[in-house]
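Read through the structure below, which is laid out as structure tokens, and then see the notes.
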Amino acid sequence: MLRNGNTNFCLQLTVLWKLVEKLLIPKPERTASVENKSPPQGMNWSFAVGTNLLPGLKAKIDRESKQKLNEFAKELRTFRSVDMSGRNFGDEGLFFLSESLAYNQTVEEVSFAANGITAEGIKAFDGVLQSNIVLKTLDLSGNPIGDEGIKCLCDMLADNASILKLQLNSTDLGDEGAKAIAELLKKNSSLRVLELNNNMIDYSGFTGLAGALLENNTIRNLHLNGNYGGALGANALAKGLEGNKSLRELHLHGNSIGDEGVRALMSGLSMHKGKTTLLDISNNSISARGAFYVAEYVKKSKSLLWLNLYMNDIGDEGAEKIAEALKQNRSITTIDLGGNNIHAKGVTDIAQVLKDNSVITTLELSYNPIGPDGAKALSEVLKFNGNVNTLKLGWCQIGAKGAEFIADTLKYNTTISVLDLRANGLKDEGAACLARSLKVVNEALTSLDLGFNEIRDDGAFAIAQALKANEDVAVTSLNLANNFLTKFGQSALTDARDHVYEMSEKEVNVFF
């Protein structure tokens, strides 16, 4: 029998060698005849780790593996923020590197994402997370940890007082893992941000997390995007929100909560005693009926800054309800209504809100068939009203006629800094309209995206001439990628970019 000290030494040596094999030794191709072959005569085979390698190769591998592992460890001991994602060191590597985290007084953020770490590897943190008092962010996303690994991690974090942000996205986490995290939230008072996106959390897991919200009053941001909460999960979460005072951001993208789920959720948020600043309920099969519940909440909210309804189906009727709510709301600065089947009528209602609203600074309407009439309705209001800095109208079918309306607005508007007009079929005619506006002094517009617009060389020539003609151009980013430019159009744009720099020392980044 080996003594304990020798046993531990052998175990460490085995772990290290497994990592060496993983990092540096290519796996031989398997053939049908290999399994039955015996070692050549005169060669002594051993079953000890690494002893069948030629001495020179073994020494080289030892040196290189130690050097690589020591470099990883040195990063952990040297820098405050360390990204070790995608290095494929697996469980064995984590056991080796975890020692560099114990009593570490330097690193505050570390990412071990996408490294093939399993539940077994999580055990490497035992004793480490309890002793580290500096680490604030731990990212284990993209590792197949599973529920068992999550349970193990939660046990270690129960008494941790330093970690503020825990990222467990895409970790094969299910309801049992979610329940373990819920128990952690009841005990841990340091976590502020919890990311559980793209896992397999169902109604049962949502119920557990909701119960934790009733007892935890320190969590600020909860990310549950891409799970399976459904209407029942949203209903459970709503009950947890009613008694919670701390949550400020709730991310529920892609949970199929539907109209009934959003009704319950808005009710819970209305009774929430904290200040919700961000709500993401995008891609949740919400119709005009669900938009009504959202609108009622928006009317009452005084803290909400960011509302995301992207990729639902509220239509013109839902857009009208949201517009009515925005007339009473004076807190929302960013609203995303992209991909909601909103036409010219719906966008006209949204545009009317901007006449008397100076709070909204970002308006996302991409993937809505608003057409030229919708572009006209927006342009007429934004020409002299509103405080919109970022306007996104990609894939809105506005065509060259719509570009003409937008171009006219740019001659007078003093707030729009970022304008996205991708994939609108502008062609050369639309590009020429925008080029005429670029000749006018506009101190606001810095980024213009015209990708996917079937623009050819004539459109590029018009834009190039506009850049040369306006020495005070404020544009620093111009995207013409995925159009039909030849080398002549590209050359014209490059020359215009160089001319601007020579005349004003301003750099314009042109993409084509």
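Here, A, B, ... name the chains of the structure tokens in the order displayed, residue numbers run from 1 inside each chain, and ligands are numbered from 1 in the same displayed order.
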
Range 278-391 of chain A near range 256-268 of chain A within 12 Å: what's each residue's closest atom pair and its distance in Å to one decimal, counting only C-alpha atoms, ordered by chain then ascending residue number, as CSV?
```
residue,atom,partner,partner_atom,distance
A:Leu279,CA,A:Met266,CA,10.3
A:Asp280,CA,A:Val262,CA,11.3
A:Ile281,CA,A:Val262,CA,8.3
A:Ser282,CA,A:Ser256,CA,9.5
A:Asn283,CA,A:Ser256,CA,7.3
A:Asn284,CA,A:Ser256,CA,4.4
A:Ser285,CA,A:Gly258,CA,4.9
A:Ile286,CA,A:Gly258,CA,5.0
A:Ser287,CA,A:Asp259,CA,6.6
A:Ala288,CA,A:Asp259,CA,8.6
A:Arg289,CA,A:Asp259,CA,6.5
A:Gly290,CA,A:Asp259,CA,4.4
A:Ala291,CA,A:Asp259,CA,8.1
A:Phe292,CA,A:Arg263,CA,8.8
A:Tyr293,CA,A:Arg263,CA,5.6
A:Val294,CA,A:Met266,CA,6.3
A:Ala295,CA,A:Met266,CA,9.2
A:Glu296,CA,A:Met266,CA,8.2
A:Tyr297,CA,A:Met266,CA,6.0
A:Val298,CA,A:Met266,CA,9.1
A:Lys299,CA,A:Met266,CA,11.4
A:Lys300,CA,A:Met266,CA,10.7
A:Ser301,CA,A:Met266,CA,10.6
A:Leu309,CA,A:Val262,CA,11.2
A:Met311,CA,A:Ser256,CA,11.6
A:Asn312,CA,A:Gly258,CA,9.3
A:Asp313,CA,A:Gly258,CA,10.4
A:Ile314,CA,A:Asp259,CA,10.3
A:Gly318,CA,A:Asp259,CA,11.9
```

Checklist entry - Contacts of range 177-188 of chain A at 10 Å or less, counting only C-alpha atoms, minus same-chain residues fewer than 4 places along, as a count of residues only? => result 43

Checklist entry - Which residues, written as number ranges by chain, have at least one atom at most 12 Å from Gly116 in chain A, with only C-alpha atoms counted and residues fewer than 4 positions away on the same chain left out? => result A: 22, 85-94, 112, 120-122, 140-146, 170-171

Go ahead and write the residues just picked, N, CA and C atoms, as a compact mmCIF listing (two decimals), in the first residue's frame.
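Output file result38.txt is given in full below:
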```
# COMPACT_ATOMS: atom_id res chain seq x y z
N LYS A 22 -3.93 15.67 -23.89
CA LYS A 22 -5.03 16.41 -24.51
C LYS A 22 -4.53 17.60 -25.31
N SER A 85 -11.25 31.49 -22.31
CA SER A 85 -12.30 30.77 -23.01
C SER A 85 -11.75 30.04 -24.22
N GLY A 86 -12.33 28.87 -24.49
CA GLY A 86 -12.00 28.12 -25.68
C GLY A 86 -10.59 27.55 -25.76
N ARG A 87 -9.94 27.33 -24.63
CA ARG A 87 -8.57 26.79 -24.66
C ARG A 87 -8.54 25.27 -24.50
N ASN A 88 -9.71 24.69 -24.28
CA ASN A 88 -9.88 23.23 -24.31
C ASN A 88 -8.99 22.49 -23.31
N PHE A 89 -8.83 23.03 -22.11
CA PHE A 89 -7.99 22.32 -21.14
C PHE A 89 -8.78 21.32 -20.28
N GLY A 90 -10.10 21.33 -20.40
CA GLY A 90 -10.91 20.31 -19.75
C GLY A 90 -10.82 20.30 -18.23
N ASP A 91 -11.32 19.21 -17.65
CA ASP A 91 -11.33 19.06 -16.19
C ASP A 91 -9.92 19.05 -15.62
N GLU A 92 -9.02 18.32 -16.29
CA GLU A 92 -7.66 18.20 -15.77
C GLU A 92 -6.98 19.55 -15.69
N GLY A 93 -7.17 20.36 -16.75
CA GLY A 93 -6.54 21.68 -16.75
C GLY A 93 -7.09 22.58 -15.66
N LEU A 94 -8.41 22.46 -15.42
CA LEU A 94 -9.01 23.30 -14.38
C LEU A 94 -8.47 22.93 -13.01
N PHE A 112 -13.68 30.94 -17.92
CA PHE A 112 -13.28 29.58 -18.26
C PHE A 112 -14.29 29.00 -19.27
N GLU A 120 -17.35 16.92 -12.97
CA GLU A 120 -16.16 16.46 -12.26
C GLU A 120 -15.14 17.59 -12.10
N GLY A 121 -15.01 18.41 -13.14
CA GLY A 121 -14.05 19.51 -13.08
C GLY A 121 -14.43 20.58 -12.09
N ILE A 122 -15.73 20.77 -11.87
CA ILE A 122 -16.18 21.80 -10.93
C ILE A 122 -15.62 21.55 -9.53
N LEU A 140 -18.48 30.50 -16.61
CA LEU A 140 -18.33 29.08 -16.92
C LEU A 140 -19.25 28.67 -18.07
N SER A 141 -19.69 29.64 -18.86
CA SER A 141 -20.62 29.38 -19.96
C SER A 141 -20.03 28.42 -20.99
N GLY A 142 -20.93 27.70 -21.67
CA GLY A 142 -20.49 26.84 -22.75
C GLY A 142 -19.76 25.59 -22.32
N ASN A 143 -19.87 25.22 -21.06
CA ASN A 143 -19.29 23.97 -20.57
C ASN A 143 -20.42 23.02 -20.18
N PRO A 144 -20.30 21.72 -20.50
CA PRO A 144 -21.37 20.76 -20.18
C PRO A 144 -21.38 20.36 -18.71
N ILE A 145 -21.62 21.33 -17.86
CA ILE A 145 -21.55 21.11 -16.41
C ILE A 145 -22.73 20.27 -15.91
N GLY A 146 -23.92 20.58 -16.44
CA GLY A 146 -25.10 19.84 -16.02
C GLY A 146 -25.57 20.17 -14.62
N SER A 170 -25.63 28.31 -21.37
CA SER A 170 -25.36 27.10 -22.17
C SER A 170 -24.52 26.08 -21.41
N THR A 171 -24.99 25.69 -20.25
CA THR A 171 -24.25 24.73 -19.41
C THR A 171 -25.05 23.45 -19.16
```

Item to check | Selected residue of minimal separation from Glu108 in chain A among A:Val134, A:Ile322, A:Ala469, A:Ala351, counting only C-alpha atoms | outcome: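 The closest residue to Glu108 in chain A is A:Val134.
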
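As for CA of Asn413 in chain A and CA of Asp356 in chain A, they are spaced 15.4 Å apart.
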
Next on the checklist: At a cut-off of 12 Å, using only C-alpha atoms, what residues contact Lys427 in chain A? Leave out same-chain residues fewer than 5 positions from it and give the result as a list in words.
Outcome noted: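 That gives Ile398, Gly399, Ala400, Lys401, Gly402, Ala403, Glu404, Leu421, Arg422, Ala432, Cys433, Leu434, Leu450, Gly451, Phe452, Asn453, Glu454, Ile455, Arg456, Asp457, Asp458, Gly459, Ala460, Ala462, Leu480, Asn483, Phe484 and Leu485 of chain A.
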
Go ahead and save the picked residues with N, CA and C atoms, as a compact mmCIF listing (two decimals), in the first residue's frame.
```txt
# COMPACT_ATOMS: atom_id res chain seq x y z
N ILE A 398 -38.45 50.43 -47.59
CA ILE A 398 -38.75 51.84 -47.85
C ILE A 398 -38.40 52.24 -49.28
N GLY A 399 -37.49 51.54 -49.94
CA GLY A 399 -37.13 51.83 -51.32
C GLY A 399 -36.49 53.19 -51.51
N ALA A 400 -36.28 53.56 -52.77
CA ALA A 400 -35.63 54.85 -53.09
C ALA A 400 -36.50 56.03 -52.66
N LYS A 401 -37.81 55.86 -52.77
CA LYS A 401 -38.73 56.95 -52.38
C LYS A 401 -38.62 57.22 -50.88
N GLY A 402 -38.56 56.15 -50.10
CA GLY A 402 -38.40 56.33 -48.66
C GLY A 402 -37.07 56.97 -48.32
N ALA A 403 -36.02 56.61 -49.07
CA ALA A 403 -34.69 57.20 -48.85
C ALA A 403 -34.72 58.70 -49.12
N GLU A 404 -35.55 59.09 -50.08
CA GLU A 404 -35.68 60.52 -50.39
C GLU A 404 -36.25 61.28 -49.19
N LEU A 421 -29.98 51.80 -42.57
CA LEU A 421 -30.94 51.65 -43.67
C LEU A 421 -30.66 50.41 -44.50
N ARG A 422 -30.11 49.38 -43.89
CA ARG A 422 -29.74 48.18 -44.63
C ARG A 422 -30.94 47.50 -45.30
N ALA A 432 -28.14 58.24 -54.24
CA ALA A 432 -27.93 59.60 -54.73
C ALA A 432 -28.69 60.62 -53.87
N CYS A 433 -29.91 60.25 -53.45
CA CYS A 433 -30.69 61.14 -52.57
C CYS A 433 -29.95 61.39 -51.26
N LEU A 434 -29.42 60.34 -50.66
CA LEU A 434 -28.69 60.48 -49.41
C LEU A 434 -27.39 61.25 -49.62
N LEU A 450 -25.53 51.37 -45.20
CA LEU A 450 -26.28 51.18 -46.44
C LEU A 450 -26.03 49.79 -47.04
N GLY A 451 -25.68 48.84 -46.23
CA GLY A 451 -25.41 47.49 -46.71
C GLY A 451 -26.64 46.83 -47.31
N PHE A 452 -26.42 45.88 -48.23
CA PHE A 452 -27.50 45.07 -48.83
C PHE A 452 -28.55 45.91 -49.55
N ASN A 453 -28.13 46.93 -50.31
CA ASN A 453 -29.10 47.83 -50.94
C ASN A 453 -29.03 47.86 -52.46
N GLU A 454 -28.33 46.92 -53.07
CA GLU A 454 -28.24 46.83 -54.53
C GLU A 454 -27.65 48.10 -55.15
N ILE A 455 -26.79 48.75 -54.41
CA ILE A 455 -26.15 49.98 -54.89
C ILE A 455 -24.99 49.60 -55.81
N ARG A 456 -24.91 50.27 -56.95
CA ARG A 456 -23.84 50.02 -57.90
C ARG A 456 -22.86 51.19 -57.91
N ASP A 457 -22.00 51.22 -58.91
CA ASP A 457 -20.94 52.23 -58.95
C ASP A 457 -21.47 53.66 -59.00
N ASP A 458 -22.57 53.90 -59.72
CA ASP A 458 -23.11 55.26 -59.81
C ASP A 458 -23.50 55.79 -58.43
N GLY A 459 -24.09 54.93 -57.61
CA GLY A 459 -24.43 55.34 -56.25
C GLY A 459 -23.19 55.61 -55.42
N ALA A 460 -22.16 54.77 -55.62
CA ALA A 460 -20.90 54.97 -54.90
C ALA A 460 -20.23 56.27 -55.33
N ALA A 462 -21.71 58.98 -56.38
CA ALA A 462 -22.46 60.10 -55.79
C ALA A 462 -22.08 60.32 -54.34
N LEU A 480 -21.01 50.14 -46.96
CA LEU A 480 -21.60 49.83 -48.25
C LEU A 480 -21.34 48.37 -48.62
N ASN A 483 -23.12 45.19 -51.53
CA ASN A 483 -23.79 45.85 -52.64
C ASN A 483 -23.14 45.35 -53.93
N PHE A 484 -23.36 46.06 -55.04
CA PHE A 484 -22.85 45.61 -56.33
C PHE A 484 -21.75 46.52 -56.84
N LEU A 485 -20.80 46.85 -56.00
CA LEU A 485 -19.72 47.76 -56.40
C LEU A 485 -18.60 47.01 -57.11
```

Next on the checklist: With DSSP run on the backbone, what are the strand (DSSP E or B) residues within range 114-328 of chain A? I'd like them as an MDAnalysis selection string.
Outcome noted: chainID A and resid 137:139 165:167 193:195 221:223 249:251 278:280 306:308

Deliver the residues from the most recent selection as a file, using N, CA, C and O atoms, as a short mmCIF file (atom, residue, chain, number, x, y, z; two decimals), in the first residue's frame.
```cif
data_model
loop_
_atom_site.label_atom_id
_atom_site.label_comp_id
_atom_site.auth_asym_id
_atom_site.auth_seq_id
_atom_site.Cartn_x
_atom_site.Cartn_y
_atom_site.Cartn_z
N THR A 137 -16.11 38.28 -10.96
CA THR A 137 -16.85 37.72 -12.09
C THR A 137 -16.31 36.36 -12.46
O THR A 137 -15.10 36.20 -12.68
N LEU A 138 -17.18 35.36 -12.53
CA LEU A 138 -16.79 34.00 -12.91
C LEU A 138 -17.69 33.54 -14.06
O LEU A 138 -18.91 33.47 -13.92
N ASP A 139 -17.07 33.24 -15.21
CA ASP A 139 -17.81 32.81 -16.40
C ASP A 139 -17.48 31.36 -16.72
O ASP A 139 -16.34 31.02 -17.06
N LYS A 165 -20.90 38.58 -10.17
CA LYS A 165 -21.47 38.19 -11.46
C LYS A 165 -21.12 36.74 -11.78
O LYS A 165 -19.95 36.38 -11.83
N LEU A 166 -22.15 35.92 -11.98
CA LEU A 166 -21.97 34.50 -12.27
C LEU A 166 -22.63 34.19 -13.61
O LEU A 166 -23.84 34.39 -13.78
N GLN A 167 -21.84 33.69 -14.56
CA GLN A 167 -22.34 33.40 -15.90
C GLN A 167 -22.34 31.90 -16.15
O GLN A 167 -21.28 31.27 -16.18
N VAL A 193 -25.48 39.87 -10.50
CA VAL A 193 -25.84 39.51 -11.88
C VAL A 193 -25.77 38.00 -12.04
O VAL A 193 -24.74 37.39 -11.75
N LEU A 194 -26.87 37.40 -12.52
CA LEU A 194 -26.93 35.95 -12.73
C LEU A 194 -27.40 35.68 -14.16
O LEU A 194 -28.49 36.06 -14.55
N GLU A 195 -26.54 35.00 -14.94
CA GLU A 195 -26.87 34.69 -16.33
C GLU A 195 -27.08 33.19 -16.50
O GLU A 195 -26.17 32.40 -16.27
N ASN A 221 -29.69 41.79 -11.71
CA ASN A 221 -29.95 41.41 -13.10
C ASN A 221 -30.15 39.90 -13.21
O ASN A 221 -29.28 39.13 -12.79
N LEU A 222 -31.25 39.48 -13.81
CA LEU A 222 -31.54 38.07 -13.99
C LEU A 222 -31.75 37.79 -15.48
O LEU A 222 -32.66 38.34 -16.11
N HIS A 223 -30.89 36.92 -16.03
CA HIS A 223 -30.94 36.60 -17.45
C HIS A 223 -31.44 35.16 -17.63
O HIS A 223 -30.76 34.21 -17.23
N GLU A 249 -33.10 44.43 -13.78
CA GLU A 249 -33.11 43.98 -15.17
C GLU A 249 -33.65 42.56 -15.26
O GLU A 249 -33.19 41.67 -14.55
N LEU A 250 -34.61 42.34 -16.18
CA LEU A 250 -35.18 41.02 -16.38
C LEU A 250 -35.12 40.69 -17.87
O LEU A 250 -35.73 41.37 -18.70
N HIS A 251 -34.37 39.64 -18.20
CA HIS A 251 -34.17 39.23 -19.59
C HIS A 251 -34.88 37.90 -19.82
O HIS A 251 -34.47 36.87 -19.30
N LEU A 278 -34.81 47.68 -17.02
CA LEU A 278 -34.70 47.00 -18.33
C LEU A 278 -35.62 45.79 -18.36
O LEU A 278 -35.61 44.98 -17.44
N LEU A 279 -36.39 45.68 -19.45
CA LEU A 279 -37.28 44.55 -19.62
C LEU A 279 -37.15 44.02 -21.05
O LEU A 279 -37.44 44.73 -22.02
N ASP A 280 -36.68 42.77 -21.18
CA ASP A 280 -36.53 42.14 -22.48
C ASP A 280 -37.53 40.98 -22.58
O ASP A 280 -37.35 39.94 -21.96
N TRP A 306 -35.38 50.81 -20.74
CA TRP A 306 -35.12 50.01 -21.95
C TRP A 306 -36.20 48.96 -22.08
O TRP A 306 -36.37 48.12 -21.19
N LEU A 307 -36.95 48.99 -23.20
CA LEU A 307 -38.03 48.03 -23.45
C LEU A 307 -37.78 47.32 -24.77
O LEU A 307 -37.67 47.97 -25.81
N ASN A 308 -37.71 45.99 -24.72
CA ASN A 308 -37.44 45.21 -25.92
C ASN A 308 -38.62 44.28 -26.23
O ASN A 308 -38.90 43.35 -25.49
#
```

Next on the checklist: Give me, as JSON, numbers by chain, the residues of range 251-344 of chain A that a backbone DSSP run labels helix (DSSP H, G or I).
Outcome noted: {"A": [258, 259, 260, 261, 262, 263, 264, 265, 266, 267, 268, 269, 270, 271, 288, 289, 290, 291, 292, 293, 294, 295, 296, 297, 298, 299, 300, 315, 316, 317, 318, 319, 320, 321, 322, 323, 324, 325, 326, 327, 328, 344]}

Item to check | Computed interatomic separation between CA of Arg80 in chain A and CA of Lys136 in chain A (Å) | outcome: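 Answer for the CA of Arg80 in chain A to CA of Lys136 in chain A separation: 10.0 Å.
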
Item to check | Test item: residues at most 7 Å from His499 in chain A, only C-alpha atoms, excluding those fewer than 4 positions along its chain, as number ranges by chain | outcome: A: 468, 495, 503
